[in-house]
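Undergrad: Mind having a look at this structure? Questions to follow.
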Amino acid sequence: LATIPKGLSFTEAASLPAAGMTALQAVRDHAGVTAGQRVLVNGAAGGIGHYAVQLAKQRGATVTGVCSTKSVELVRSLGADDVIDYTNTDFTKTGVQYDAIIDTAAHRSIKEIAPALGPTGVYVPVGGSFLLKSSMQASSALSKGQRFKAFLVKMVLADVEELGALASKGSLRTIIDQQFALERAPEAFQMLDAGGARGKSVIQVVNE
């Protein structure tokens with residue numbers, strides 16, 4: 001358990017731990033993002049992605065976010081240096097290579113992703129059933145020097161406290177897309193399955 005950070009609502013505080021820790025561990029521990037690196041976040045407007053954009057920027061990276069047309073301005077407001085609208089541009093075919101790709105969409109093969117990775121780039125997929133399949137593809141799809149880092153998030157109190165401190169200072173924003181009353185929970189999950197959510201969706205068990 002951790003204390004709700006000063007200045008955050010219950011809704012914001014409830015949204016932060018799981019998605020925030022996943023983004024933090026992806027950026028810090030698995031991508032190993034450092035100042036001056038070029039980082040791409042695929043799914044940059046989503047629940048994990050919108051945190052990853054901010055956390056990568058805080059580490060001094062040049063960040064490119066990939067999202068849909070409706071979310072371009074949102075992702076730019078989170079600090080992304082460049083935003084790619086996937087409805088009209090394929091980031092794997094621009095000729096730009098990245099030191100790290102954090103992929104919260106994770107629906108394409110590593111063979112498709114590999115051209116966008118630099119010679120020593122690291123690919124960090126974030127997402128469920130894709131992980132097993134992608135781990136088997138990695139050895140044949142990536143060039144020597146390129147790396148693949150799949151992971152499962154660890155629930156770490158210190159990480160929650162770090163995220164809380166950033167949020168309390170205003171250095172980490174939580175975007176709330178929609179709030180659902182408990183009786184509308186099935187609708188909330190249907191919306192998530194459909195994709196395209198911006199930030200976090202929250203089911204309220206009780207009113208704040």
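Order determines the names: the first chain of the structure tokens is A, the second B, and so forth; residues in each chain are numbered 1 upward, and ligands are numbered 1 upward as they are shown.
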Any idea what's packed within 10 Å of Pro5 of chain A, counting only C-alpha atoms, ignoring anything in its chain fewer than 4 positions away? Could you give it as a list in words?

TA: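 The neighbour list is Ser9, Phe10, Glu12, Ala13, Val160, Glu161, Leu163, Gly164, Ala165, Leu166, Ala167, Ser168 and Lys169 of chain A.
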
Undergrad: Show which residues sit within 8 Å of Val33 of chain A, as a list of chain:residue names. Count only C-alpha atoms, and ignore same-chain residues fewer than 3 positions away.

TA: A:Val27, A:Arg28, A:Gln37, A:Val39, A:Ala56, A:Arg59, A:Ala61, A:Ala100

Undergrad: Enter the distance from atom CA of Asp81 of chain A to atom CA of Thr62 of chain A, in Å, rounded to one decimal.

TA: 6.2 Å

Undergrad: Name the residues of chain A that come out as alpha helix (DSSP H) in a backbone DSSP run; write them as a PyMOL selection string.

TA: chain A and resi 10-24+49-58+72-77+110-113+130-141+157-168+185-194

Undergrad: So the first atom is atom CA of Gly47 of chain A and the second is atom CA of His107 of chain A; what is the distance between them in Å, to one decimal place?

TA: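 Computed distance, atom CA of Gly47 of chain A to atom CA of His107 of chain A, equals 16.3 Å.
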